[in-house]
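Asker: Below is the structure I would like to discuss, written out as structure tokens.
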Amino acid sequence: MISLDRYISLVVESISKFKQFPPNEQQTKCILYPTHNPLMIVAGPGTGKTTVLVLKALKLVFVNGILPEQIILTTFTKKAAEEIRARLIEWGITIQDYLKKNPDFEKHLESIDINRFVTGTLDSICEDILTTYRDPGDPATVLVEGFVGNAFLMRKGLFAKGIHKNQEVAKYLAKFTFDGRPPGNFAERLKISRTIMDRFIHDHVDLEAYASHNDFQEARNTLVGAAKLYWKFMESSNRMDFAQLENTFYERLKQGRLSRFTTDVKAILVDEYQDTNPLQESIYFEIIKQTEAAFTIVGDDDQSLYRFRGATVELFRDFSKRFLSSIPGNQKPHVEYLVNNYRSTPEVVRFFNTFITNDPSFLPARVQPPKPSIVPQLRSNGFPILGLFRPNVEQLQEDLVRFLMDVFRGKGREIEINGQRLNLIASSGGGNFGDCVFLSRTVNEFKGSFGNQPPSPRLPFLLRKGLANQNVLVFNPRGRALRDTYVIQKLLGIILECIDPPDTDNPYGIQQTYLTNQNFLYSDSRKYFATWREVARKFVESNPIPNKPHTLKKFIESWQRRKPQTKGTKWPEEWPLLELCFKVICWIPELRDDPEGQVYLEAITRCISQAATFSPYRSTIVMGEYGTKSIHRAFLDIFSQIAEGNVEIDEEIMPHVPRDRMQFMTIHQSKGLEFPLVIVDVSSDYKNDHPKNRFSRFPDSPSNTQILEDDLAPFSAVGNLRQLRPALDRTYEDLIRLYYVAYSRPQSVLLLVGLDPCLQYSTTIKHIATFWKANGNWAWQSPYQGDRPPALANNIPLKLI
């Protein structure tokens, strides 16, 4: 083993990355901190927390003699887990190879298999451990996709307790809708019910106390009854959703049924701890109780974004107190801060430092004492924070496209700074649109529609269209719901045309009659099935790819007659819908060749595959007397799931987007990423101070998430901790954290975009992103008046372009 004082030198000598940039003093303290004491690392943006985590894990191996398989590293996303694992393997093997030159280490190195680190999200690790360490005779449990779990919840829980028609439940759920009205359709009832039931588990809610509470007692009791029926069914069929997975892991931990696993655990390192929920905290604390393992957590309370999923930033803020109260007799956790930023220019760092300290009322919500101001380590490139604001969204789009084309395809954009002219150009240095990202609270390309009015386009759609006119494509698979995406409408419409032939009396086959009999439960399905088929029929008439041996029209007709196109062959008794899907995409090559199309196709095929695990006909269309029933089940178990908005896309299947594409991301998606040029949309949706958009910029009432937290607070141990801050304050604070993450993504240039009214001197459009404080005061020291550019707090200039 290597001595402690030799380890950092070893890292620098063996890994080329660190020869030029060795770990700094703060990072070194964290890496070398003794294992006998819990360590809490508060890491600001761009300060190298992943580097610290990986080098600390490798230090446990090469200095402390702990084997990789005895070390657990968890993080919040699959992408982050893959990055951590890649670095562990790359750097670990490099250190191993370097040490092999010394024969004194040969025997110790033989026992080290770097590939055996236990890494992943907590969900994935729980799933692996429950499978690997299950008791003899226990069947392997199946983890179900979100929409599959919802299908079971609907059938085995909500329907069984009559929630789909219970008006008392509807009144109670109205507390958690956007407009305070009862859910408008069953899909919304299902979504809110799912959120509440997951919170039952995540927050360790006392269900008996919750169900017997006087306020909405009937509704609460009904929801608890539905949840218990659903959980009982899932357990009896050896299935779990994600909340049940973690809860089952926790219960088996407490029961001592995972002792074969815990016996070997010597160290736990947790990334992104600020987004931990109470159940996850309980899991970590229980493992520590049983193993006395070395414990390190890393996070940043200012970057906590996932309260809507149950994340509780207060667990990170009060970590030391909670750890000592849960595991008495242990030493108080030691706190270290990482503040040296290696990502951004001094101008960007100064901007987000000023933003996070702008509102004094936010201070009590932060770790105490708060982390110091982030210190930039890069040199200035001369560019201040840029602003592009226009009177309307159409002009904003035109000028933003022109700016992007100048930077990435032209001779650059000259900007005058203090009498000097700087040229912002990427094309000359090999830069491309992949070096840029457009961030927004939402990247939906259309606003919601009202009545029969078509939805209004938002800036992301206008940008897509404007860039396409310049032969530049974008990557924004979340821009539209899967059901509204044209390429998917073609695919699903063709499949419906194949499996459900129209006739004279029923132009949409049996679908309309069947779905009408399901009353209001599938109102969106009726609308979308018809839309998809109309889109498909128009597409078929265009005769796509006419040079194929068989036209698409002939293929569909063959399916409708259930007669093969090839003579002498017999139509199969069963036809898997997945196979039909892949045959159809021969006529829709963008699903195969385009990055967005590939993401959409993965979602559809995942839906079909997952449905096969619970649908009676296993996602197949059969011949004979059960043929109609197999079509009915395809309607309900596959197509309706997409039409009702239950199937999510997973853009993480696309590890690399082509560099000639511009990426659009929600701010949540951008967490942990960095780009040379970051465009943040702060106000393209806000023409005036409309009450309905205040929730997204300067809320005057708590969000649905905070209302639910307060509703459950009396029945959960974590409730009092959350309610130390009023619900409206927590709503403000989550918006501050959101834009802090956005403003800390750029490496070189930050560009804010929006509409002029948000910057005008007499504006009533208050927005946290433009430095408004919760007390209604504005921190702009020199608001926008005519041609005079505004200045931010502390005289940070905003250069308007």
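Labels used: A, B, ... for chains in the order of the structure tokens, numbers from 1 for residues in each chain, and numbers from 1 for ligands as shown.
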Dump as a Markdown table the rows for residues of region 636-674 of chain A within 8 Å of region 135-147 of chain A: closest atom pair and distance in Å with one decimal, only C-alpha atoms counted, ordered by chain and rising residue number.
Answerer:
```
| residue | atom | partner | partner_atom | distance |
| --- | --- | --- | --- | --- |
| A:Gln641 | CA | A:Phe147 | CA | 7.0 |
| A:Asn646 | CA | A:Phe147 | CA | 5.4 |
| A:Val647 | CA | A:Phe147 | CA | 5.9 |
```
Asker: Which of region 238-422 of chain A end up as helix (DSSP H, G or I) when DSSP is run on this backbone - answer as an MDAnalysis selection string?
Answerer: chainID A and resid 242:254 259:262 273:275 278:291 301:303 307:309 313:317 319:326 346:356 360:365 393:408
Asker: Run DSSP on the backbone and tell me which residues of region 2-84 of chain A come out as strand (DSSP E or B); list them as a VMD selection string.
Answerer: chain A and resid 39 to 43 71 to 75
Asker: Sort by chain and increasing residue number a table of all residues of region 598-713 of chain A within 7 Å of region 482-501 of chain A, each with its closest pair of atoms and their distance in Å to one decimal, counting only C-alpha atoms, and write it as a Markdown table.
Answerer:
```
| residue | atom | partner | partner_atom | distance |
| --- | --- | --- | --- | --- |
| A:Ile631 | CA | A:Ile499 | CA | 7.0 |
| A:Ile642 | CA | A:Arg483 | CA | 6.1 |
| A:Ala643 | CA | A:Arg483 | CA | 5.7 |
```
Asker: Hey, what's within 8 Å of Ala774 (chain A) if we count only C-alpha atoms and toss same-chain stuff fewer than 2 positions away? As number ranges by chain, please?
Answerer: A: 359, 361, 698, 732, 768, 772, 776-777
Asker: Include all heavy atoms and write out the residues we just selected as a PDB file, in the first residue's frame.
Answerer:
```pdb
ATOM      1  N   ASP A 359     -30.545  38.026  -2.630  1.00  0.00           N
ATOM      2  CA  ASP A 359     -31.689  38.183  -1.735  1.00  0.00           C
ATOM      3  C   ASP A 359     -31.309  37.719  -0.324  1.00  0.00           C
ATOM      4  O   ASP A 359     -31.118  36.527  -0.094  1.00  0.00           O
ATOM      5  CB  ASP A 359     -32.868  37.367  -2.252  1.00  0.00           C
ATOM      6  CG  ASP A 359     -34.171  37.721  -1.566  1.00  0.00           C
ATOM      7  OD1 ASP A 359     -34.120  38.269  -0.447  1.00  0.00           O
ATOM      8  OD2 ASP A 359     -35.242  37.454  -2.151  1.00  0.00           O
ATOM      9  N   SER A 361     -33.039  37.227   2.193  1.00  0.00           N
ATOM     10  CA  SER A 361     -34.010  36.297   2.784  1.00  0.00           C
ATOM     11  C   SER A 361     -33.703  34.845   2.432  1.00  0.00           C
ATOM     12  O   SER A 361     -34.242  33.925   3.061  1.00  0.00           O
ATOM     13  CB  SER A 361     -35.426  36.650   2.324  1.00  0.00           C
ATOM     14  OG  SER A 361     -35.593  36.417   0.937  1.00  0.00           O
ATOM     15  N   PHE A 698     -42.071  34.871 -10.376  1.00  0.00           N
ATOM     16  CA  PHE A 698     -42.153  35.577  -9.092  1.00  0.00           C
ATOM     17  C   PHE A 698     -43.460  35.148  -8.423  1.00  0.00           C
ATOM     18  O   PHE A 698     -44.444  35.868  -8.428  1.00  0.00           O
ATOM     19  CB  PHE A 698     -42.121  37.094  -9.318  1.00  0.00           C
ATOM     20  CG  PHE A 698     -41.752  37.878  -8.091  1.00  0.00           C
ATOM     21  CD1 PHE A 698     -40.424  38.025  -7.723  1.00  0.00           C
ATOM     22  CD2 PHE A 698     -42.727  38.469  -7.301  1.00  0.00           C
ATOM     23  CE1 PHE A 698     -40.082  38.750  -6.597  1.00  0.00           C
ATOM     24  CE2 PHE A 698     -42.390  39.187  -6.178  1.00  0.00           C
ATOM     25  CZ  PHE A 698     -41.057  39.337  -5.825  1.00  0.00           C
ATOM     26  N   TYR A 732     -39.927  30.284  -3.703  1.00  0.00           N
ATOM     27  CA  TYR A 732     -38.951  31.262  -4.181  1.00  0.00           C
ATOM     28  C   TYR A 732     -37.560  30.639  -4.238  1.00  0.00           C
ATOM     29  O   TYR A 732     -36.816  30.797  -5.219  1.00  0.00           O
ATOM     30  CB  TYR A 732     -38.896  32.468  -3.239  1.00  0.00           C
ATOM     31  CG  TYR A 732     -39.910  33.542  -3.517  1.00  0.00           C
ATOM     32  CD1 TYR A 732     -41.015  33.703  -2.701  1.00  0.00           C
ATOM     33  CD2 TYR A 732     -39.754  34.407  -4.601  1.00  0.00           C
ATOM     34  CE1 TYR A 732     -41.955  34.697  -2.941  1.00  0.00           C
ATOM     35  CE2 TYR A 732     -40.690  35.408  -4.844  1.00  0.00           C
ATOM     36  CZ  TYR A 732     -41.791  35.550  -4.011  1.00  0.00           C
ATOM     37  OH  TYR A 732     -42.705  36.530  -4.256  1.00  0.00           O
ATOM     38  N   ILE A 768     -37.368  36.513 -10.556  1.00  0.00           N
ATOM     39  CA  ILE A 768     -36.204  36.173  -9.735  1.00  0.00           C
ATOM     40  C   ILE A 768     -34.947  36.107 -10.586  1.00  0.00           C
ATOM     41  O   ILE A 768     -33.860  36.506 -10.157  1.00  0.00           O
ATOM     42  CB  ILE A 768     -36.460  34.839  -9.001  1.00  0.00           C
ATOM     43  CG1 ILE A 768     -37.444  35.077  -7.853  1.00  0.00           C
ATOM     44  CG2 ILE A 768     -35.161  34.221  -8.484  1.00  0.00           C
ATOM     45  CD1 ILE A 768     -37.930  33.820  -7.188  1.00  0.00           C
ATOM     46  N   TRP A 772     -34.827  40.229  -9.025  1.00  0.00           N
ATOM     47  CA  TRP A 772     -35.853  40.721  -8.106  1.00  0.00           C
ATOM     48  C   TRP A 772     -35.745  39.954  -6.795  1.00  0.00           C
ATOM     49  O   TRP A 772     -35.465  38.752  -6.783  1.00  0.00           O
ATOM     50  CB  TRP A 772     -37.246  40.537  -8.697  1.00  0.00           C
ATOM     51  CG  TRP A 772     -37.615  41.574  -9.706  1.00  0.00           C
ATOM     52  CD1 TRP A 772     -37.362  41.533 -11.044  1.00  0.00           C
ATOM     53  CD2 TRP A 772     -38.290  42.805  -9.458  1.00  0.00           C
ATOM     54  NE1 TRP A 772     -37.844  42.661 -11.661  1.00  0.00           N
ATOM     55  CE2 TRP A 772     -38.423  43.471 -10.708  1.00  0.00           C
ATOM     56  CE3 TRP A 772     -38.795  43.432  -8.314  1.00  0.00           C
ATOM     57  CZ2 TRP A 772     -39.039  44.699 -10.836  1.00  0.00           C
ATOM     58  CZ3 TRP A 772     -39.415  44.659  -8.449  1.00  0.00           C
ATOM     59  CH2 TRP A 772     -39.537  45.291  -9.694  1.00  0.00           C
ATOM     60  N   GLY A 776     -39.939  42.310  -3.094  1.00  0.00           N
ATOM     61  CA  GLY A 776     -40.442  43.166  -4.155  1.00  0.00           C
ATOM     62  C   GLY A 776     -39.487  44.245  -4.600  1.00  0.00           C
ATOM     63  O   GLY A 776     -39.839  45.066  -5.461  1.00  0.00           O
ATOM     64  N   ASN A 777     -38.280  44.252  -4.057  1.00  0.00           N
ATOM     65  CA  ASN A 777     -37.275  45.231  -4.482  1.00  0.00           C
ATOM     66  C   ASN A 777     -36.441  44.671  -5.624  1.00  0.00           C
ATOM     67  O   ASN A 777     -36.189  43.471  -5.702  1.00  0.00           O
ATOM     68  CB  ASN A 777     -36.362  45.611  -3.315  1.00  0.00           C
ATOM     69  CG  ASN A 777     -37.098  46.403  -2.262  1.00  0.00           C
ATOM     70  OD1 ASN A 777     -38.048  47.112  -2.562  1.00  0.00           O
ATOM     71  ND2 ASN A 777     -36.666  46.273  -1.007  1.00  0.00           N
TER      72      ASN A 777
END
```
Asker: So which residues touch Val298 (chain A) within 9 Å, counting only C-alpha atoms, skipping near sequence neighbours fewer than 2 positions away, as a ChimeraX atom specification?
Answerer: /A:39-43,49,53,269-274,296,300
Asker: If you count only C-alpha atoms, which residues fall within 12 Å of Phe614 (chain A), apart from same-chain ones fewer than 3 positions away, as JSON, numbers by chain?
Answerer: {"A": [142, 144, 145, 147, 148, 149, 150, 151, 152, 155, 234, 237, 239, 607, 608, 609, 610, 611, 617, 618, 619, 633, 634, 636, 637, 638]}
Asker: Neighbouring residues of region 591-594 of chain A were defined as those with any atom within 12 Å, considering only C-alpha atoms; residues of the same chain fewer than 3 positions away were excluded. Please report them as a short mmCIF file (atom, residue, chain, number, x, y, z; two decimals) with all heavy atoms, in the first residue's frame.
Answerer:
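Ended up saving to result_5.cif:
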```cif
data_model
loop_
_atom_site.label_atom_id
_atom_site.label_comp_id
_atom_site.auth_asym_id
_atom_site.auth_seq_id
_atom_site.Cartn_x
_atom_site.Cartn_y
_atom_site.Cartn_z
N LEU A 473 -29.64 22.10 -37.72
CA LEU A 473 -30.63 21.30 -37.00
C LEU A 473 -30.42 21.44 -35.50
O LEU A 473 -29.35 21.80 -35.03
CB LEU A 473 -30.53 19.84 -37.41
CG LEU A 473 -30.76 19.54 -38.90
CD1 LEU A 473 -30.59 18.05 -39.18
CD2 LEU A 473 -32.14 20.01 -39.34
N VAL A 474 -31.48 21.14 -34.74
CA VAL A 474 -31.40 21.22 -33.28
C VAL A 474 -31.70 19.85 -32.70
O VAL A 474 -32.22 18.95 -33.37
CB VAL A 474 -32.39 22.26 -32.72
CG1 VAL A 474 -32.16 23.63 -33.35
CG2 VAL A 474 -33.84 21.82 -32.88
N PHE A 475 -31.35 19.70 -31.43
CA PHE A 475 -31.67 18.47 -30.70
C PHE A 475 -32.53 18.88 -29.50
O PHE A 475 -32.04 19.43 -28.53
CB PHE A 475 -30.39 17.77 -30.23
CG PHE A 475 -30.65 16.46 -29.52
CD1 PHE A 475 -31.00 15.33 -30.24
CD2 PHE A 475 -30.54 16.36 -28.14
CE1 PHE A 475 -31.23 14.12 -29.60
CE2 PHE A 475 -30.76 15.16 -27.49
CZ PHE A 475 -31.11 14.03 -28.23
N ASN A 476 -33.83 18.63 -29.63
CA ASN A 476 -34.77 18.99 -28.57
C ASN A 476 -35.89 17.96 -28.51
O ASN A 476 -37.05 18.27 -28.80
CB ASN A 476 -35.34 20.39 -28.81
CG ASN A 476 -36.25 20.83 -27.68
OD1 ASN A 476 -36.11 20.39 -26.55
ND2 ASN A 476 -37.20 21.71 -27.99
N PRO A 477 -35.58 16.72 -28.14
CA PRO A 477 -36.62 15.69 -28.14
C PRO A 477 -37.73 15.94 -27.14
O PRO A 477 -38.81 15.36 -27.26
CB PRO A 477 -35.84 14.41 -27.82
CG PRO A 477 -34.60 14.87 -27.14
CD PRO A 477 -34.26 16.19 -27.76
N THR A 485 -45.65 14.51 -31.66
CA THR A 485 -44.51 14.56 -32.57
C THR A 485 -44.88 13.93 -33.91
O THR A 485 -45.33 12.78 -33.97
CB THR A 485 -43.31 13.81 -31.95
OG1 THR A 485 -43.05 14.36 -30.65
CG2 THR A 485 -42.09 13.94 -32.81
N TYR A 486 -44.70 14.69 -34.96
CA TYR A 486 -45.20 14.27 -36.29
C TYR A 486 -44.67 12.91 -36.70
O TYR A 486 -45.43 12.06 -37.19
CB TYR A 486 -44.84 15.33 -37.31
CG TYR A 486 -45.22 14.97 -38.73
CD1 TYR A 486 -46.56 14.83 -39.10
CD2 TYR A 486 -44.25 14.76 -39.70
CE1 TYR A 486 -46.92 14.49 -40.39
CE2 TYR A 486 -44.60 14.42 -41.00
CZ TYR A 486 -45.93 14.29 -41.34
OH TYR A 486 -46.28 13.95 -42.62
N VAL A 487 -43.40 12.67 -36.52
CA VAL A 487 -42.82 11.42 -36.97
C VAL A 487 -43.40 10.23 -36.20
O VAL A 487 -43.59 9.14 -36.76
CB VAL A 487 -41.28 11.47 -36.85
CG1 VAL A 487 -40.82 11.48 -35.40
CG2 VAL A 487 -40.63 10.32 -37.59
N ILE A 488 -43.74 10.44 -34.94
CA ILE A 488 -44.36 9.38 -34.14
C ILE A 488 -45.83 9.23 -34.51
O ILE A 488 -46.37 8.11 -34.53
CB ILE A 488 -44.19 9.67 -32.64
CG1 ILE A 488 -42.72 9.49 -32.25
CG2 ILE A 488 -45.08 8.76 -31.79
CD1 ILE A 488 -42.15 8.12 -32.52
N GLN A 489 -46.49 10.33 -34.84
CA GLN A 489 -47.87 10.23 -35.29
C GLN A 489 -47.97 9.39 -36.56
O GLN A 489 -48.90 8.59 -36.73
CB GLN A 489 -48.44 11.63 -35.53
CG GLN A 489 -48.62 12.43 -34.25
CD GLN A 489 -49.26 13.78 -34.50
OE1 GLN A 489 -49.13 14.37 -35.58
NE2 GLN A 489 -49.95 14.31 -33.50
N LYS A 490 -46.99 9.55 -37.46
CA LYS A 490 -46.98 8.71 -38.67
C LYS A 490 -46.82 7.24 -38.30
O LYS A 490 -47.56 6.38 -38.80
CB LYS A 490 -45.82 9.14 -39.58
CG LYS A 490 -46.01 10.46 -40.27
CD LYS A 490 -44.99 10.68 -41.39
CE LYS A 490 -43.59 10.83 -40.87
NZ LYS A 490 -42.62 11.18 -41.93
N LEU A 491 -45.86 6.95 -37.43
CA LEU A 491 -45.58 5.56 -37.06
C LEU A 491 -46.79 4.91 -36.41
O LEU A 491 -47.24 3.82 -36.82
CB LEU A 491 -44.38 5.52 -36.12
CG LEU A 491 -44.06 4.15 -35.50
CD1 LEU A 491 -43.61 3.17 -36.57
CD2 LEU A 491 -43.00 4.28 -34.41
N CYS A 581 -43.54 -2.77 -35.82
CA CYS A 581 -42.96 -1.43 -35.67
C CYS A 581 -41.68 -1.30 -36.49
O CYS A 581 -41.49 -0.32 -37.23
CB CYS A 581 -42.70 -1.15 -34.18
SG CYS A 581 -41.88 0.42 -33.84
N PHE A 582 -40.81 -2.27 -36.39
CA PHE A 582 -39.53 -2.19 -37.10
C PHE A 582 -39.70 -2.34 -38.61
O PHE A 582 -38.89 -1.82 -39.39
CB PHE A 582 -38.55 -3.23 -36.56
CG PHE A 582 -37.92 -2.81 -35.25
CD1 PHE A 582 -38.19 -3.49 -34.09
CD2 PHE A 582 -37.08 -1.71 -35.20
CE1 PHE A 582 -37.63 -3.10 -32.89
CE2 PHE A 582 -36.50 -1.31 -34.00
CZ PHE A 582 -36.78 -2.00 -32.85
N LYS A 583 -40.74 -3.03 -39.04
CA LYS A 583 -41.00 -3.09 -40.47
C LYS A 583 -41.47 -1.74 -41.00
O LYS A 583 -41.08 -1.28 -42.08
CB LYS A 583 -42.03 -4.17 -40.78
CG LYS A 583 -41.48 -5.59 -40.72
CD LYS A 583 -42.50 -6.60 -41.19
CE LYS A 583 -41.90 -8.01 -41.22
NZ LYS A 583 -40.83 -8.13 -42.25
N VAL A 584 -42.31 -1.05 -40.20
CA VAL A 584 -42.87 0.23 -40.64
C VAL A 584 -41.79 1.30 -40.76
O VAL A 584 -41.85 2.15 -41.66
CB VAL A 584 -43.99 0.68 -39.67
CG1 VAL A 584 -44.42 2.12 -39.96
CG2 VAL A 584 -45.19 -0.26 -39.77
N ILE A 585 -40.80 1.27 -39.90
CA ILE A 585 -39.80 2.34 -39.94
C ILE A 585 -38.95 2.29 -41.21
O ILE A 585 -38.20 3.23 -41.48
CB ILE A 585 -38.89 2.36 -38.69
CG1 ILE A 585 -38.01 1.12 -38.62
CG2 ILE A 585 -39.70 2.56 -37.43
CD1 ILE A 585 -36.98 1.20 -37.51
N CYS A 586 -39.09 1.25 -42.00
CA CYS A 586 -38.43 1.25 -43.30
C CYS A 586 -38.91 2.43 -44.15
O CYS A 586 -38.18 2.93 -45.00
CB CYS A 586 -38.72 -0.06 -44.04
SG CYS A 586 -37.98 -1.51 -43.28
N TRP A 587 -40.17 2.85 -43.93
CA TRP A 587 -40.73 3.98 -44.68
C TRP A 587 -40.56 5.32 -43.93
O TRP A 587 -40.97 6.35 -44.43
CB TRP A 587 -42.21 3.74 -44.95
CG TRP A 587 -42.44 2.72 -46.03
CD1 TRP A 587 -42.43 2.94 -47.38
CD2 TRP A 587 -42.72 1.33 -45.87
NE1 TRP A 587 -42.68 1.78 -48.06
CE2 TRP A 587 -42.87 0.76 -47.15
CE3 TRP A 587 -42.87 0.49 -44.76
CZ2 TRP A 587 -43.16 -0.58 -47.36
CZ3 TRP A 587 -43.16 -0.84 -44.96
CH2 TRP A 587 -43.29 -1.37 -46.24
N ILE A 588 -39.99 5.26 -42.72
CA ILE A 588 -39.79 6.48 -41.93
C ILE A 588 -38.33 6.51 -41.49
O ILE A 588 -37.99 6.28 -40.32
CB ILE A 588 -40.74 6.52 -40.70
CG1 ILE A 588 -42.16 6.14 -41.09
CG2 ILE A 588 -40.73 7.92 -40.07
CD1 ILE A 588 -43.13 6.06 -39.92
N GLY A 597 -35.13 11.29 -33.74
CA GLY A 597 -35.94 10.14 -34.11
C GLY A 597 -35.56 8.89 -33.35
O GLY A 597 -36.42 8.09 -32.96
N GLN A 598 -34.27 8.69 -33.15
CA GLN A 598 -33.81 7.52 -32.39
C GLN A 598 -34.31 7.55 -30.95
O GLN A 598 -34.66 6.51 -30.38
CB GLN A 598 -32.29 7.45 -32.45
CG GLN A 598 -31.73 7.14 -33.82
CD GLN A 598 -30.24 7.40 -33.91
OE1 GLN A 598 -29.56 7.58 -32.92
NE2 GLN A 598 -29.72 7.43 -35.13
N VAL A 599 -34.33 8.74 -30.35
CA VAL A 599 -34.85 8.87 -28.98
C VAL A 599 -36.34 8.55 -28.95
O VAL A 599 -36.82 7.84 -28.06
CB VAL A 599 -34.59 10.29 -28.44
CG1 VAL A 599 -35.29 10.51 -27.10
CG2 VAL A 599 -33.10 10.54 -28.29
N TYR A 600 -37.09 9.06 -29.95
CA TYR A 600 -38.52 8.78 -30.01
C TYR A 600 -38.77 7.28 -30.21
O TYR A 600 -39.65 6.69 -29.56
CB TYR A 600 -39.17 9.55 -31.17
CG TYR A 600 -39.06 11.04 -31.07
CD1 TYR A 600 -38.85 11.82 -32.22
CD2 TYR A 600 -39.18 11.71 -29.85
CE1 TYR A 600 -38.77 13.20 -32.14
CE2 TYR A 600 -39.10 13.09 -29.78
CZ TYR A 600 -38.88 13.83 -30.93
OH TYR A 600 -38.79 15.20 -30.87
N LEU A 601 -38.02 6.68 -31.13
CA LEU A 601 -38.22 5.26 -31.42
C LEU A 601 -37.94 4.40 -30.20
O LEU A 601 -38.65 3.44 -29.92
CB LEU A 601 -37.33 4.84 -32.59
CG LEU A 601 -37.45 3.37 -33.01
CD1 LEU A 601 -38.86 3.04 -33.46
CD2 LEU A 601 -36.45 3.05 -34.13
N GLU A 602 -36.90 4.76 -29.44
CA GLU A 602 -36.59 3.99 -28.23
C GLU A 602 -37.75 4.02 -27.26
O GLU A 602 -38.08 3.01 -26.62
CB GLU A 602 -35.33 4.57 -27.57
CG GLU A 602 -34.80 3.75 -26.40
CD GLU A 602 -35.50 4.04 -25.08
OE1 GLU A 602 -36.05 5.17 -24.92
OE2 GLU A 602 -35.50 3.16 -24.19
N ALA A 603 -38.40 5.18 -27.12
CA ALA A 603 -39.54 5.29 -26.21
C ALA A 603 -40.69 4.40 -26.66
O ALA A 603 -41.34 3.73 -25.83
CB ALA A 603 -40.00 6.75 -26.11
N ILE A 604 -40.95 4.37 -27.96
CA ILE A 604 -42.06 3.55 -28.48
C ILE A 604 -41.75 2.06 -28.30
O ILE A 604 -42.60 1.29 -27.84
CB ILE A 604 -42.32 3.86 -29.96
CG1 ILE A 604 -42.74 5.33 -30.14
CG2 ILE A 604 -43.38 2.92 -30.52
CD1 ILE A 604 -43.99 5.72 -29.41
N THR A 605 -40.55 1.65 -28.68
CA THR A 605 -40.22 0.22 -28.56
C THR A 605 -40.14 -0.20 -27.10
O THR A 605 -40.50 -1.34 -26.76
CB THR A 605 -38.89 -0.08 -29.27
OG1 THR A 605 -37.85 0.77 -28.75
CG2 THR A 605 -39.02 0.16 -30.76
N MET A 654 -28.74 8.76 -25.82
CA MET A 654 -27.92 9.42 -26.84
C MET A 654 -26.72 10.05 -26.13
O MET A 654 -26.77 11.21 -25.71
CB MET A 654 -28.74 10.49 -27.56
CG MET A 654 -28.09 11.08 -28.79
SD MET A 654 -27.90 9.88 -30.12
CE MET A 654 -29.59 9.31 -30.32
N VAL A 657 -24.44 13.98 -28.92
CA VAL A 657 -25.24 14.60 -29.97
C VAL A 657 -24.28 15.13 -31.03
O VAL A 657 -23.22 15.68 -30.70
CB VAL A 657 -26.08 15.75 -29.38
CG1 VAL A 657 -26.87 16.46 -30.49
CG2 VAL A 657 -27.03 15.20 -28.32
N PRO A 658 -24.59 14.96 -32.32
CA PRO A 658 -23.69 15.50 -33.36
C PRO A 658 -23.34 16.96 -33.12
O PRO A 658 -24.19 17.76 -32.75
CB PRO A 658 -24.52 15.32 -34.65
CG PRO A 658 -25.43 14.17 -34.35
CD PRO A 658 -25.76 14.28 -32.90
N ARG A 661 -25.24 20.13 -34.31
CA ARG A 661 -26.60 20.39 -33.83
C ARG A 661 -26.55 21.25 -32.57
O ARG A 661 -25.68 21.09 -31.72
CB ARG A 661 -27.31 19.08 -33.50
CG ARG A 661 -27.56 18.23 -34.71
CD ARG A 661 -28.78 17.40 -34.54
NE ARG A 661 -29.10 16.69 -35.78
CZ ARG A 661 -30.30 16.23 -36.07
NH1 ARG A 661 -31.29 16.42 -35.23
NH2 ARG A 661 -30.52 15.60 -37.20
#
```
Asker: Quick one: of A:Gly44, A:Phe186, A:Pro391, A:Ser716, who's nearest to Asn341 (chain A), counting only C-alpha atoms?
Answerer: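 Of all the options, A:Gly44 lies closest to Asn341 (chain A).
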Asker: Could you check which of A:Cys436, A:Leu88, A:Leu751, A:Val622 is closest to Arg562 (chain A), using only C-alpha atoms?
Answerer: A:Val622
Asker: List the neighbours of Phe555 (chain A) out to 9 Å using only C-alpha atoms; skip same-chain residues closer than 4 positions along the sequence, and give me the result as a PyMOL selection string.
Answerer: chain A and resi 498+550-551+559-560+564-565+584
Asker: How would the residues just chosen look if you wrote them out with N, CA and C atoms as a CSV table (one decimal), in the first residue's frame?
Answerer:
```csv
chain,number,residue,atom,x,y,z
A,498,CYS,N,-52.8,-0.8,-39.8
A,498,CYS,CA,-52.5,-2.2,-40.1
A,498,CYS,C,-53.4,-3.1,-39.2
A,550,HIS,N,-42.2,-3.2,-52.3
A,550,HIS,CA,-43.6,-3.1,-52.0
A,550,HIS,C,-43.9,-1.7,-51.4
A,551,THR,N,-44.9,-1.0,-51.9
A,551,THR,CA,-45.3,0.3,-51.4
A,551,THR,C,-45.9,0.2,-50.0
A,559,TRP,N,-51.7,-6.2,-44.5
A,559,TRP,CA,-52.0,-6.4,-43.0
A,559,TRP,C,-53.5,-6.3,-42.8
A,560,GLN,N,-54.2,-5.4,-43.4
A,560,GLN,CA,-55.6,-5.3,-43.1
A,560,GLN,C,-56.4,-6.6,-43.6
A,564,PRO,N,-50.4,-12.5,-46.7
A,564,PRO,CA,-49.0,-12.1,-47.0
A,564,PRO,C,-48.9,-11.5,-48.4
A,565,GLN,N,-47.9,-10.6,-48.6
A,565,GLN,CA,-47.7,-10.1,-49.9
A,565,GLN,C,-46.9,-11.1,-50.8
A,584,VAL,N,-42.3,-1.1,-40.2
A,584,VAL,CA,-42.9,0.2,-40.6
A,584,VAL,C,-41.8,1.3,-40.8
```
